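Student: Sending over target12.cif (mmCIF, C-alpha atoms and all ligand atoms).
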```cif
data_upload
#
loop_
_atom_site.group_PDB
_atom_site.id
_atom_site.type_symbol
_atom_site.label_atom_id
_atom_site.label_comp_id
_atom_site.auth_asym_id
_atom_site.auth_seq_id
_atom_site.Cartn_x
_atom_site.Cartn_y
_atom_site.Cartn_z
ATOM 1 C CA MET G 28 -17.199 78.359 -52.616
ATOM 2 C CA ARG G 29 -18.630 80.030 -49.520
ATOM 3 C CA ASP G 30 -22.111 80.121 -51.122
ATOM 4 C CA LEU G 31 -22.105 76.378 -51.440
ATOM 5 C CA PHE G 32 -21.929 76.089 -47.644
ATOM 6 C CA LYS G 33 -24.688 78.688 -47.113
ATOM 7 C CA GLY G 34 -27.578 77.430 -45.042
ATOM 8 C CA TRP G 35 -25.839 74.187 -44.112
ATOM 9 C CA GLY G 36 -27.036 72.988 -40.749
ATOM 10 C CA ARG G 37 -30.198 75.096 -40.791
ATOM 11 C CA GLY G 38 -33.433 73.604 -42.004
ATOM 12 C CA GLN G 39 -32.171 71.230 -44.664
ATOM 13 C CA ARG G 40 -34.624 68.758 -46.059
ATOM 14 C CA ALA G 41 -35.021 66.036 -43.482
ATOM 15 C CA SER G 42 -34.880 62.409 -44.510
ATOM 16 C CA ALA G 43 -37.156 61.756 -47.480
ATOM 17 C CA THR G 44 -38.245 58.570 -45.734
ATOM 18 C CA THR G 45 -41.992 58.209 -45.449
ATOM 19 C CA VAL G 46 -42.136 54.458 -44.904
ATOM 20 C CA GLU G 47 -42.278 52.834 -41.459
ATOM 21 C CA HIS G 48 -39.616 50.133 -41.389
ATOM 22 C CA PRO G 49 -40.462 46.809 -39.722
ATOM 23 C CA PRO G 50 -37.716 45.800 -37.273
ATOM 24 C CA LEU G 51 -34.706 44.144 -38.892
ATOM 25 C CA LYS G 52 -34.158 40.568 -37.696
ATOM 26 C CA ILE G 53 -30.616 40.144 -39.019
ATOM 27 C CA LYS G 54 -28.322 43.141 -39.017
ATOM 28 C CA PRO G 55 -24.718 43.696 -40.035
ATOM 29 C CA ARG G 56 -22.553 44.795 -37.109
ATOM 30 C CA HIS G 57 -20.280 46.893 -39.289
ATOM 31 C CA VAL G 58 -21.299 48.569 -42.563
ATOM 32 C CA GLY G 59 -18.781 50.206 -44.911
ATOM 33 C CA ILE G 60 -20.064 52.723 -47.464
ATOM 34 C CA ILE G 61 -18.418 53.957 -50.656
ATOM 35 C CA MET G 62 -20.306 57.211 -51.162
ATOM 36 C CA ASP G 63 -20.046 57.589 -54.933
ATOM 37 C CA GLY G 64 -21.820 59.702 -57.534
ATOM 38 C CA ASN G 65 -21.723 63.228 -56.097
ATOM 39 C CA GLY G 66 -20.212 64.672 -59.288
ATOM 40 C CA ARG G 67 -22.737 62.970 -61.581
ATOM 41 C CA TRP G 68 -25.611 64.086 -59.344
ATOM 42 C CA ALA G 69 -24.444 67.696 -59.726
ATOM 43 C CA ARG G 70 -23.826 67.397 -63.485
ATOM 44 C CA LYS G 71 -27.354 66.070 -64.049
ATOM 45 C CA ARG G 72 -28.611 69.310 -62.494
ATOM 46 C CA GLY G 73 -26.176 71.627 -64.259
ATOM 47 C CA LEU G 74 -24.504 72.404 -60.922
ATOM 48 C CA PRO G 75 -20.811 72.528 -59.974
ATOM 49 C CA ARG G 76 -19.316 69.296 -58.571
ATOM 50 C CA MET G 77 -19.062 70.946 -55.167
ATOM 51 C CA ALA G 78 -22.862 71.177 -54.990
ATOM 52 C CA GLY G 79 -22.859 67.378 -55.334
ATOM 53 C CA HIS G 80 -20.479 67.018 -52.401
ATOM 54 C CA ARG G 81 -22.616 69.345 -50.323
ATOM 55 C CA ALA G 82 -25.710 67.252 -51.102
ATOM 56 C CA GLY G 83 -23.581 64.170 -50.374
ATOM 57 C CA MET G 84 -22.876 65.519 -46.916
ATOM 58 C CA ILE G 85 -26.621 65.806 -46.245
ATOM 59 C CA ALA G 86 -27.071 62.203 -47.405
ATOM 60 C CA MET G 87 -24.230 61.206 -45.084
ATOM 61 C CA ARG G 88 -25.920 62.849 -42.107
ATOM 62 C CA GLU G 89 -29.201 61.060 -42.890
ATOM 63 C CA VAL G 90 -27.453 57.712 -43.253
ATOM 64 C CA ILE G 91 -25.557 58.119 -39.968
ATOM 65 C CA ARG G 92 -28.892 58.808 -38.254
ATOM 66 C CA ALA G 93 -30.458 55.819 -40.003
ATOM 67 C CA CYS G 94 -27.601 53.472 -39.021
ATOM 68 C CA ASP G 95 -28.043 54.544 -35.411
ATOM 69 C CA ASP G 96 -31.835 54.113 -35.613
ATOM 70 C CA PHE G 97 -31.376 50.604 -37.065
ATOM 71 C CA GLY G 98 -28.969 49.648 -34.268
ATOM 72 C CA ILE G 99 -25.835 49.231 -36.393
ATOM 73 C CA GLU G 100 -22.716 49.089 -34.192
ATOM 74 C CA CYS G 101 -20.301 50.712 -36.608
ATOM 75 C CA VAL G 102 -20.385 52.496 -39.960
ATOM 76 C CA THR G 103 -17.252 53.313 -41.934
ATOM 77 C CA LEU G 104 -17.640 56.065 -44.548
ATOM 78 C CA TYR G 105 -15.183 56.478 -47.429
ATOM 79 C CA ALA G 106 -14.955 60.278 -47.464
ATOM 80 C CA PHE G 107 -11.566 60.937 -49.107
ATOM 81 C CA SER G 108 -9.200 58.399 -50.629
ATOM 82 C CA THR G 109 -5.432 58.568 -51.048
ATOM 83 C CA GLU G 110 -6.187 58.898 -54.786
ATOM 84 C CA ASN G 111 -8.567 61.855 -54.382
ATOM 85 C CA TRP G 112 -5.611 64.294 -54.138
ATOM 86 C CA LYS G 113 -5.451 64.040 -57.968
ATOM 87 C CA ARG G 114 -8.671 66.086 -58.274
ATOM 88 C CA PRO G 115 -8.568 69.802 -59.181
ATOM 89 C CA MET G 116 -7.267 71.881 -56.285
ATOM 90 C CA PRO G 117 -10.512 73.827 -55.606
ATOM 91 C CA GLU G 118 -12.416 70.533 -55.292
ATOM 92 C CA VAL G 119 -9.815 69.073 -52.926
ATOM 93 C CA GLU G 120 -9.948 72.254 -50.876
ATOM 94 C CA TYR G 121 -13.751 72.082 -50.739
ATOM 95 C CA LEU G 122 -13.666 68.440 -49.637
ATOM 96 C CA MET G 123 -11.109 69.313 -46.944
ATOM 97 C CA HIS G 124 -13.514 71.899 -45.513
ATOM 98 C CA LEU G 125 -16.435 69.465 -45.314
ATOM 99 C CA PRO G 126 -15.478 67.899 -41.960
ATOM 100 C CA GLU G 127 -15.345 71.377 -40.398
ATOM 101 C CA GLN G 128 -18.797 72.202 -41.811
ATOM 102 C CA PHE G 129 -20.232 68.857 -40.874
ATOM 103 C CA PHE G 130 -19.088 68.731 -37.276
ATOM 104 C CA ARG G 131 -19.911 72.376 -36.622
ATOM 105 C CA SER G 132 -23.591 71.615 -37.162
ATOM 106 C CA GLU G 133 -23.774 67.920 -36.252
ATOM 107 C CA ILE G 134 -21.480 67.337 -33.283
ATOM 108 C CA ASP G 135 -24.154 68.111 -30.662
ATOM 109 C CA GLU G 136 -26.562 65.591 -32.149
ATOM 110 C CA LEU G 137 -23.815 62.981 -32.450
ATOM 111 C CA VAL G 138 -22.897 63.516 -28.789
ATOM 112 C CA SER G 139 -26.539 63.301 -27.710
ATOM 113 C CA ARG G 140 -26.890 60.017 -29.608
ATOM 114 C CA GLY G 141 -23.795 58.694 -27.805
ATOM 115 C CA VAL G 142 -21.953 58.273 -31.115
ATOM 116 C CA ARG G 143 -18.195 57.760 -30.962
ATOM 117 C CA VAL G 144 -16.270 59.284 -33.863
ATOM 118 C CA ARG G 145 -13.153 57.647 -35.303
ATOM 119 C CA PHE G 146 -10.949 58.377 -38.287
ATOM 120 C CA MET G 147 -8.802 56.119 -40.393
ATOM 121 C CA GLY G 148 -6.189 56.979 -42.988
ATOM 122 C CA ASP G 149 -3.228 59.320 -42.762
ATOM 123 C CA THR G 150 -4.848 62.318 -41.103
ATOM 124 C CA SER G 151 -1.418 63.884 -40.424
ATOM 125 C CA ALA G 152 -1.270 64.863 -44.129
ATOM 126 C CA LEU G 153 -4.551 66.827 -43.978
ATOM 127 C CA PRO G 154 -4.598 70.653 -43.816
ATOM 128 C CA PRO G 155 -4.282 72.062 -40.259
ATOM 129 C CA TYR G 156 -7.954 73.154 -40.105
ATOM 130 C CA THR G 157 -9.124 69.627 -41.009
ATOM 131 C CA GLN G 158 -6.752 68.116 -38.441
ATOM 132 C CA GLU G 159 -8.169 70.423 -35.804
ATOM 133 C CA THR G 160 -11.692 69.221 -36.605
ATOM 134 C CA VAL G 161 -10.470 65.625 -36.397
ATOM 135 C CA ARG G 162 -8.964 66.284 -32.946
ATOM 136 C CA ASN G 163 -12.013 68.148 -31.632
ATOM 137 C CA SER G 164 -14.540 65.572 -32.784
ATOM 138 C CA LEU G 165 -12.438 62.747 -31.326
ATOM 139 C CA GLU G 166 -12.195 64.588 -28.012
ATOM 140 C CA ARG G 167 -15.898 65.480 -27.882
ATOM 141 C CA THR G 168 -17.005 61.878 -28.454
ATOM 142 C CA ALA G 169 -14.193 59.909 -26.764
ATOM 143 C CA GLU G 170 -16.313 58.834 -23.777
ATOM 144 C CA ASN G 171 -19.324 57.802 -25.857
ATOM 145 C CA THR G 172 -20.298 54.152 -25.951
ATOM 146 C CA GLY G 173 -22.922 54.098 -28.715
ATOM 147 C CA MET G 174 -22.469 53.558 -32.436
ATOM 148 C CA THR G 175 -19.032 54.199 -33.927
ATOM 149 C CA VAL G 176 -18.844 56.404 -37.024
ATOM 150 C CA ASN G 177 -15.488 55.842 -38.657
ATOM 151 C CA PHE G 178 -14.510 58.388 -41.316
ATOM 152 C CA ALA G 179 -11.952 57.233 -43.892
ATOM 153 C CA LEU G 180 -10.026 60.414 -44.676
ATOM 154 C CA ASN G 181 -6.908 60.229 -46.829
ATOM 155 C CA TYR G 182 -7.406 56.473 -46.626
ATOM 156 C CA GLY G 183 -6.310 53.727 -49.004
ATOM 157 C CA GLY G 184 -6.434 49.994 -48.321
ATOM 158 C CA ARG G 185 -3.005 49.341 -49.834
ATOM 159 C CA ALA G 186 -1.394 52.141 -47.804
ATOM 160 C CA GLU G 187 -3.064 50.700 -44.688
ATOM 161 C CA LEU G 188 -1.641 47.226 -45.424
ATOM 162 C CA MET G 189 1.824 48.618 -46.213
ATOM 163 C CA SER G 190 1.864 50.562 -42.950
ATOM 164 C CA ALA G 191 0.750 47.495 -40.970
ATOM 165 C CA MET G 192 3.436 45.310 -42.604
ATOM 166 C CA SER G 193 6.119 47.900 -42.032
ATOM 167 C CA ARG G 194 5.245 48.313 -38.341
ATOM 168 C CA PHE G 195 5.214 44.554 -37.835
ATOM 169 C CA ALA G 196 8.595 44.246 -39.612
ATOM 170 C CA GLN G 197 10.011 46.986 -37.361
ATOM 171 C CA ALA G 198 8.856 45.082 -34.261
ATOM 172 C CA VAL G 199 10.616 41.979 -35.631
ATOM 173 C CA ALA G 200 13.780 43.943 -36.482
ATOM 174 C CA LYS G 201 13.872 45.332 -32.926
ATOM 175 C CA GLY G 202 13.524 41.828 -31.550
ATOM 176 C CA ASP G 203 10.172 42.561 -29.857
ATOM 177 C CA LEU G 204 8.386 39.977 -32.051
ATOM 178 C CA GLY G 205 9.377 36.970 -34.153
ATOM 179 C CA VAL G 206 8.169 36.117 -37.655
ATOM 180 C CA GLU G 207 6.206 33.230 -36.105
ATOM 181 C CA ASP G 208 4.128 35.816 -34.191
ATOM 182 C CA LEU G 209 2.467 36.910 -37.432
ATOM 183 C CA THR G 210 -1.069 35.596 -37.120
ATOM 184 C CA GLU G 211 -4.150 37.057 -38.807
ATOM 185 C CA GLU G 212 -5.330 38.259 -35.428
ATOM 186 C CA ARG G 213 -2.072 40.076 -34.676
ATOM 187 C CA PHE G 214 -1.936 41.532 -38.185
ATOM 188 C CA GLU G 215 -5.440 42.947 -37.740
ATOM 189 C CA SER G 216 -4.287 44.728 -34.594
ATOM 190 C CA TYR G 217 -2.025 46.828 -36.867
ATOM 191 C CA LEU G 218 -4.877 47.856 -39.181
ATOM 192 C CA ASP G 219 -6.804 51.130 -38.902
ATOM 193 C CA THR G 220 -9.926 49.137 -38.048
ATOM 194 C CA ALA G 221 -8.363 47.490 -34.956
ATOM 195 C CA GLY G 222 -10.973 47.143 -32.236
ATOM 196 C CA LEU G 223 -13.947 47.619 -34.588
ATOM 197 C CA PRO G 224 -16.428 44.806 -35.289
ATOM 198 C CA PRO G 225 -15.706 42.670 -38.376
ATOM 199 C CA LEU G 226 -16.889 44.292 -41.610
ATOM 200 C CA ASP G 227 -20.145 42.568 -42.629
ATOM 201 C CA LEU G 228 -21.524 44.658 -45.475
ATOM 202 C CA VAL G 229 -20.060 47.040 -48.064
ATOM 203 C CA ILE G 230 -22.449 49.368 -49.902
ATOM 204 C CA ARG G 231 -21.440 51.267 -53.028
ATOM 205 C CA THR G 232 -23.677 53.751 -54.760
ATOM 206 C CA SER G 233 -23.785 55.124 -58.335
ATOM 207 C CA GLY G 234 -23.623 51.847 -60.278
ATOM 208 C CA GLU G 235 -19.856 51.307 -59.993
ATOM 209 C CA ILE G 236 -19.009 47.724 -59.078
ATOM 210 C CA ARG G 237 -15.584 47.738 -57.462
ATOM 211 C CA LEU G 238 -13.923 48.312 -54.085
ATOM 212 C CA SER G 239 -11.561 51.116 -55.169
ATOM 213 C CA ASN G 240 -8.990 50.390 -52.442
ATOM 214 C CA PHE G 241 -11.607 50.477 -49.656
ATOM 215 C CA LEU G 242 -11.086 48.069 -46.729
ATOM 216 C CA ILE G 243 -9.522 45.488 -49.023
ATOM 217 C CA TRP G 244 -8.367 43.186 -46.198
ATOM 218 C CA GLN G 245 -11.518 43.626 -44.120
ATOM 219 C CA ALA G 246 -13.863 43.027 -47.085
ATOM 220 C CA ALA G 247 -12.565 39.473 -47.618
ATOM 221 C CA TYR G 248 -15.787 37.962 -46.257
ATOM 222 C CA ALA G 249 -18.078 40.988 -46.332
ATOM 223 C CA GLU G 250 -21.279 40.939 -48.355
ATOM 224 C CA LEU G 251 -21.228 43.476 -51.189
ATOM 225 C CA TRP G 252 -24.296 45.512 -52.166
ATOM 226 C CA PHE G 253 -24.420 47.844 -55.146
ATOM 227 C CA THR G 254 -27.067 50.320 -56.233
ATOM 228 C CA ASP G 255 -27.472 52.722 -59.163
ATOM 229 C CA VAL G 256 -28.720 55.428 -56.767
ATOM 230 C CA LEU G 257 -26.294 58.357 -56.710
ATOM 231 C CA TRP G 258 -24.964 59.061 -53.226
ATOM 232 C CA PRO G 259 -26.752 62.419 -52.681
ATOM 233 C CA ASP G 260 -30.086 60.630 -53.282
ATOM 234 C CA PHE G 261 -29.326 57.712 -50.941
ATOM 235 C CA ARG G 262 -31.624 57.662 -47.916
ATOM 236 C CA LYS G 263 -32.814 55.535 -44.999
ATOM 237 C CA ASP G 264 -35.079 53.434 -47.271
ATOM 238 C CA ASP G 265 -32.093 52.481 -49.458
ATOM 239 C CA LEU G 266 -30.070 51.504 -46.404
ATOM 240 C CA TYR G 267 -33.014 49.438 -45.153
ATOM 241 C CA GLN G 268 -33.136 47.583 -48.493
ATOM 242 C CA ALA G 269 -29.405 46.861 -48.313
ATOM 243 C CA ILE G 270 -29.740 45.487 -44.787
ATOM 244 C CA LEU G 271 -32.786 43.397 -45.732
ATOM 245 C CA ASP G 272 -30.811 41.892 -48.631
ATOM 246 C CA PHE G 273 -27.910 41.245 -46.295
ATOM 247 C CA GLY G 274 -30.257 39.378 -43.945
ATOM 248 C CA GLY G 275 -31.285 37.055 -46.789
ATOM 249 C CA ARG G 276 -27.737 36.113 -47.819
ATOM 250 C CA LYS G 277 -26.164 32.797 -46.857
ATOM 251 C CA ARG G 278 -22.702 33.454 -45.460
ATOM 252 C CA ARG G 279 -20.690 30.252 -45.723
ATOM 253 C CA TYR G 280 -17.140 31.530 -45.204
ATOM 254 C CA GLY G 281 -15.865 28.885 -47.590
ATOM 255 C CA ASP G 282 -17.775 26.073 -45.851
ATOM 256 C CA VAL G 283 -20.622 24.018 -47.373
ATOM 257 C CA GLU G 284 -24.271 24.419 -46.399
HETATM 258 C C1 LIG C 301 -17.331 60.444 -54.626
HETATM 259 O O1 LIG C 301 -18.155 61.035 -55.598
HETATM 260 C C2 LIG C 301 -17.415 61.223 -53.393
HETATM 261 C C3 LIG C 301 -16.355 61.813 -52.768
HETATM 262 C C4 LIG C 301 -14.981 61.732 -53.270
HETATM 263 C C5 LIG C 301 -16.550 62.612 -51.536
HETATM 264 C C6 LIG C 301 -17.500 62.029 -50.555
HETATM 265 C C7 LIG C 301 -17.660 62.928 -49.393
HETATM 266 C C8 LIG C 301 -18.831 63.193 -48.800
HETATM 267 C C9 LIG C 301 -20.107 62.583 -49.212
HETATM 268 C C10 LIG C 301 -18.905 64.097 -47.603
HETATM 269 C C11 LIG C 301 -17.761 63.944 -46.653
HETATM 270 C C12 LIG C 301 -17.978 64.717 -45.451
HETATM 271 C C13 LIG C 301 -17.280 64.589 -44.293
HETATM 272 C C14 LIG C 301 -17.683 65.374 -43.130
HETATM 273 C C15 LIG C 301 -16.145 63.678 -44.121
HETATM 274 P P1 LIG C 301 -17.504 61.561 -56.951
HETATM 275 O O2 LIG C 301 -17.149 62.994 -56.764
HETATM 276 O O3 LIG C 301 -16.362 60.681 -57.327
HETATM 277 O O4 LIG C 301 -18.700 61.404 -57.935
HETATM 278 P P2 LIG C 301 -18.617 61.081 -59.502
HETATM 279 O O5 LIG C 301 -18.022 59.710 -59.610
HETATM 280 O O6 LIG C 301 -20.038 61.143 -59.920
HETATM 281 O O7 LIG C 301 -17.775 62.165 -60.114
#
```
Will you turn the file into structure tokens for me?
Tutor:
Amino acid sequence: MRDLFKGWGRGQRASATTVEHPPLKIKPRHVGIIMDGNGRWARKRGLPRMAGHRAGMIAMREVIRACDDFGIECVTLYAFSTENWKRPMPEVEYLMHLPEQFFRSEIDELVSRGVRVRFMGDTSALPPYTQETVRNSLERTAENTGMTVNFALNYGGRAELMSAMSRFAQAVAKGDLGVEDLTEERFESYLDTAGLPPLDLVIRTSGEIRLSNFLIWQAAYAELWFTDVLWPDFRKDDLYQAILDFGGRKRRYGDVE
């Protein structure tokens, strides 16, 4: 496993982007990304699945940089779902070490870009070393006012909704709130995305066309964009295409034109 981390942070291939991108006129404020296809990327090359996750982490770094360069306010990355615990133990363990690896080499650049790091999901169930990375990266970037990078770690949309409902019900049971206080706005204040801009665009790679329990409340009016590109191959140009497409969509929110 150690070999798969070797060289991370030192001289990896920079973004494959060669194209100059004309400025984007219409941009999503908040982009959510389902980073899918790491395993298939590795299999196509006869490599272990972990090599796919490692390459996926490089893609993630490039896409965070690209989001910042394009002036996106917030990007939420689906890094580990509540269902991912079902994977073989060595793979889960590898995935749990990725945040440590990632922040060790990237935190200085994130700080210099003014990026604020957030996490959503039940991080209290993560191994102690992952929790420590979560704490450190939150602390290091707490004062930053630039783009927010929100990592979904041990996250599931249904679990998020259940937790929000349960906390609201507890407030009602204690007499702090009444049932009539349940508005959409108040409900959203109980979600893991409270305080973030509304989700405008969801991107999913690898040809799968579903949400897989990702931001299921928040995606109600988001634009969805799917590509066959496997996550480790996804780069700035792909993100640019997704944002261009987004800019051409008519968002009616149930209204007529
Ligand atoms: C889905 O591909 C990908 C994941 C479950 C992991 C995604 C994680 C990263 C890209 C890096 C996370 C890093 C940090 C620092 C949080 P898959 O394995 O399901 O691919 P497959 O469908 O082809 O098997």
Student: What is the CA of Glu118 (chain G)-CA of Val144 (chain G) distance in Å, reported with one decimal?
Tutor: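 Answer for the CA of Glu118 (chain G) to CA of Val144 (chain G) separation: 24.5 Å.
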Student: Produce a table with one row for each residue of chain G that has an atom at most 8 Å from any atom of ligand LIG 301 (chain C), each row naming the nearest atom pair and its distance in Å at one decimal; use all atoms listed in the file; arrange rows by chain and rising residue number; format as JSON lines.
Tutor:
```
{"residue": "G:Ile61", "atom": "CA", "partner": "C:LIG301", "partner_atom": "C1", "distance": 7.7}
{"residue": "G:Met62", "atom": "CA", "partner": "C:LIG301", "partner_atom": "C2", "distance": 5.4}
{"residue": "G:Asp63", "atom": "CA", "partner": "C:LIG301", "partner_atom": "C1", "distance": 4.0}
{"residue": "G:Gly64", "atom": "CA", "partner": "C:LIG301", "partner_atom": "O6", "distance": 3.3}
{"residue": "G:Asn65", "atom": "CA", "partner": "C:LIG301", "partner_atom": "O4", "distance": 4.0}
{"residue": "G:Gly66", "atom": "CA", "partner": "C:LIG301", "partner_atom": "O6", "distance": 3.6}
{"residue": "G:Arg67", "atom": "CA", "partner": "C:LIG301", "partner_atom": "O6", "distance": 3.7}
{"residue": "G:Trp68", "atom": "CA", "partner": "C:LIG301", "partner_atom": "O6", "distance": 6.3}
{"residue": "G:Ala69", "atom": "CA", "partner": "C:LIG301", "partner_atom": "O6", "distance": 7.9}
{"residue": "G:Arg76", "atom": "CA", "partner": "C:LIG301", "partner_atom": "O2", "distance": 6.9}
{"residue": "G:Gly79", "atom": "CA", "partner": "C:LIG301", "partner_atom": "O2", "distance": 7.3}
{"residue": "G:His80", "atom": "CA", "partner": "C:LIG301", "partner_atom": "C9", "distance": 5.5}
{"residue": "G:Arg81", "atom": "CA", "partner": "C:LIG301", "partner_atom": "C10", "distance": 7.0}
{"residue": "G:Ala82", "atom": "CA", "partner": "C:LIG301", "partner_atom": "C9", "distance": 7.5}
{"residue": "G:Gly83", "atom": "CA", "partner": "C:LIG301", "partner_atom": "C9", "distance": 4.0}
{"residue": "G:Met84", "atom": "CA", "partner": "C:LIG301", "partner_atom": "C10", "distance": 4.3}
{"residue": "G:Ile85", "atom": "CA", "partner": "C:LIG301", "partner_atom": "C9", "distance": 7.9}
{"residue": "G:Ala86", "atom": "CA", "partner": "C:LIG301", "partner_atom": "C9", "distance": 7.2}
{"residue": "G:Met87", "atom": "CA", "partner": "C:LIG301", "partner_atom": "C9", "distance": 6.0}
{"residue": "G:Leu104", "atom": "CA", "partner": "C:LIG301", "partner_atom": "C15", "distance": 7.8}
{"residue": "G:Tyr105", "atom": "CA", "partner": "C:LIG301", "partner_atom": "C6", "distance": 6.8}
{"residue": "G:Ala106", "atom": "CA", "partner": "C:LIG301", "partner_atom": "C7", "distance": 4.2}
{"residue": "G:Phe107", "atom": "CA", "partner": "C:LIG301", "partner_atom": "C4", "distance": 5.4}
{"residue": "G:Ser108", "atom": "CA", "partner": "C:LIG301", "partner_atom": "C4", "distance": 7.2}
{"residue": "G:Asn111", "atom": "CA", "partner": "C:LIG301", "partner_atom": "C4", "distance": 6.5}
{"residue": "G:Leu122", "atom": "CA", "partner": "C:LIG301", "partner_atom": "C11", "distance": 6.8}
{"residue": "G:Leu125", "atom": "CA", "partner": "C:LIG301", "partner_atom": "C14", "distance": 4.8}
{"residue": "G:Pro126", "atom": "CA", "partner": "C:LIG301", "partner_atom": "C14", "distance": 3.6}
{"residue": "G:Glu127", "atom": "CA", "partner": "C:LIG301", "partner_atom": "C14", "distance": 7.0}
{"residue": "G:Gln128", "atom": "CA", "partner": "C:LIG301", "partner_atom": "C14", "distance": 7.0}
{"residue": "G:Phe129", "atom": "CA", "partner": "C:LIG301", "partner_atom": "C14", "distance": 4.9}
{"residue": "G:Phe130", "atom": "CA", "partner": "C:LIG301", "partner_atom": "C14", "distance": 6.9}
{"residue": "G:Phe178", "atom": "CA", "partner": "C:LIG301", "partner_atom": "C15", "distance": 6.2}
{"residue": "G:Ala179", "atom": "CA", "partner": "C:LIG301", "partner_atom": "C15", "distance": 7.7}
{"residue": "G:Leu180", "atom": "CA", "partner": "C:LIG301", "partner_atom": "C15", "distance": 7.0}
{"residue": "G:Ser233", "atom": "CA", "partner": "C:LIG301", "partner_atom": "O6", "distance": 7.3}
{"residue": "G:Leu257", "atom": "CA", "partner": "C:LIG301", "partner_atom": "O6", "distance": 7.6}
{"residue": "G:Trp258", "atom": "CA", "partner": "C:LIG301", "partner_atom": "C9", "distance": 7.2}
{"residue": "G:Pro259", "atom": "CA", "partner": "C:LIG301", "partner_atom": "C9", "distance": 7.5}
```
Student: From the set G:Met116, G:Ala191, G:Phe146, G:Val138, which residue has the shortest atom-to-atom contact distance to Thr172 (chain G), counting all atoms listed in the file?
Tutor: G:Val138
Student: Taking 6 positions as the minimum chain separation for residues in the same chain, which residues sit within 12 Å of Arg237 (chain G) when counting all atoms listed in the file? Answer as a count of residues only.
Tutor: 11
Student: Evaluate the PyMOL selection byres (((chain G and resi 183) around 6) and not hetatm) against this structure - the residues, as a PDB file with C-alpha atoms, keeping the file's coordinate frame, please.
Tutor:
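Dumped to result.pdb:
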```pdb
ATOM      1  CA  SER G 108      -9.200  58.399 -50.629  1.00  0.00           C
ATOM      2  CA  THR G 109      -5.432  58.568 -51.048  1.00  0.00           C
ATOM      3  CA  TYR G 182      -7.406  56.473 -46.626  1.00  0.00           C
ATOM      4  CA  GLY G 184      -6.434  49.994 -48.321  1.00  0.00           C
ATOM      5  CA  ARG G 185      -3.005  49.341 -49.834  1.00  0.00           C
ATOM      6  CA  ALA G 186      -1.394  52.141 -47.804  1.00  0.00           C
ATOM      7  CA  ASN G 240      -8.990  50.390 -52.442  1.00  0.00           C
TER       8      ASN G 240
END
```
Student: For this structure, which residues satisfy the selection - the PyMOL selection byres (((chain G and resi 267) around 12) and not hetatm) - when it is evaluated on the file as given? I want them as an NGL selection string.
Tutor: :G and (44 or 46-55 or 90 or 93-94 or 96-99 or 230 or 252 or 261-266 or 268-274)
Student: Determine the nearest neighbour of Ser151 (chain G) from the options G:Ile91, G:Ser239, G:Ala200, G:Asn181, counting all atoms listed in the file.
Tutor: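 Selected residue with least distance to Ser151 (chain G): G:Asn181.
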Student: List the residues matched by the PyMOL selection byres (((chain G and resi 174) around 9) and not hetatm) in the displayed structure as a PDB file with C-alpha atoms, in the frame of the given file, ordered by chain and then by residue number.
Tutor:
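The result, stored in selection.pdb:
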```
ATOM      1  CA  CYS G  94     -27.601  53.472 -39.021  1.00  0.00           C
ATOM      2  CA  ASP G  95     -28.043  54.544 -35.411  1.00  0.00           C
ATOM      3  CA  GLY G  98     -28.969  49.648 -34.268  1.00  0.00           C
ATOM      4  CA  ILE G  99     -25.835  49.231 -36.393  1.00  0.00           C
ATOM      5  CA  GLU G 100     -22.716  49.089 -34.192  1.00  0.00           C
ATOM      6  CA  CYS G 101     -20.301  50.712 -36.608  1.00  0.00           C
ATOM      7  CA  VAL G 102     -20.385  52.496 -39.960  1.00  0.00           C
ATOM      8  CA  ARG G 140     -26.890  60.017 -29.608  1.00  0.00           C
ATOM      9  CA  GLY G 141     -23.795  58.694 -27.805  1.00  0.00           C
ATOM     10  CA  VAL G 142     -21.953  58.273 -31.115  1.00  0.00           C
ATOM     11  CA  ARG G 143     -18.195  57.760 -30.962  1.00  0.00           C
ATOM     12  CA  VAL G 144     -16.270  59.284 -33.863  1.00  0.00           C
ATOM     13  CA  ASN G 171     -19.324  57.802 -25.857  1.00  0.00           C
ATOM     14  CA  THR G 172     -20.298  54.152 -25.951  1.00  0.00           C
ATOM     15  CA  GLY G 173     -22.922  54.098 -28.715  1.00  0.00           C
ATOM     16  CA  THR G 175     -19.032  54.199 -33.927  1.00  0.00           C
ATOM     17  CA  VAL G 176     -18.844  56.404 -37.024  1.00  0.00           C
TER      18      VAL G 176
END
```
Student: Nearest residue to Arg56 (chain G) out of G:Glu250, G:Asp227, G:Glu284, G:Glu235, using all atoms listed in the file?
Tutor: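 Of G:Glu250, G:Asp227, G:Glu284, G:Glu235, the one nearest Arg56 (chain G), counting all atoms listed in the file, is G:Asp227.
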Student: Name the residues in contact with Ala196 (chain G) at a cut-off of 12 Å, using all atoms listed in the file, excluding same-chain residues fewer than 6 positions from it; report them as an NGL selection string.
Tutor: :G and (189-190 or 202-209 or 214 or 217)
Student: To one decimal in Å, tell me the separation between CA of Arg276 (chain G) and CA of Pro225 (chain G).
Tutor: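 Separating CA of Arg276 (chain G) from CA of Pro225 (chain G) is a distance of 16.6 Å.
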Student: CA of Leu242 (chain G) to CA of Leu228 (chain G): how many Å, to one decimal?
Tutor: 11.1 Å
Student: Excluding same-chain residues fewer than 5 positions from Leu226 (chain G), what lies within 6 Å of it counting only C-alpha atoms, as a PyMOL selection string?
Tutor: chain G and resi 57+245+249
Student: For C-alpha atoms, I'd like the residues from the last selection saved as a JSON list (two decimals), in the coordinates of the input.
Tutor:
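Written output follows (again_1.json):
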```
[["chain", "number", "residue", "atom", "x", "y", "z"],
["G", 57, "HIS", "CA", -20.28, 46.89, -39.29],
["G", 245, "GLN", "CA", -11.52, 43.63, -44.12],
["G", 249, "ALA", "CA", -18.08, 40.99, -46.33]]
```
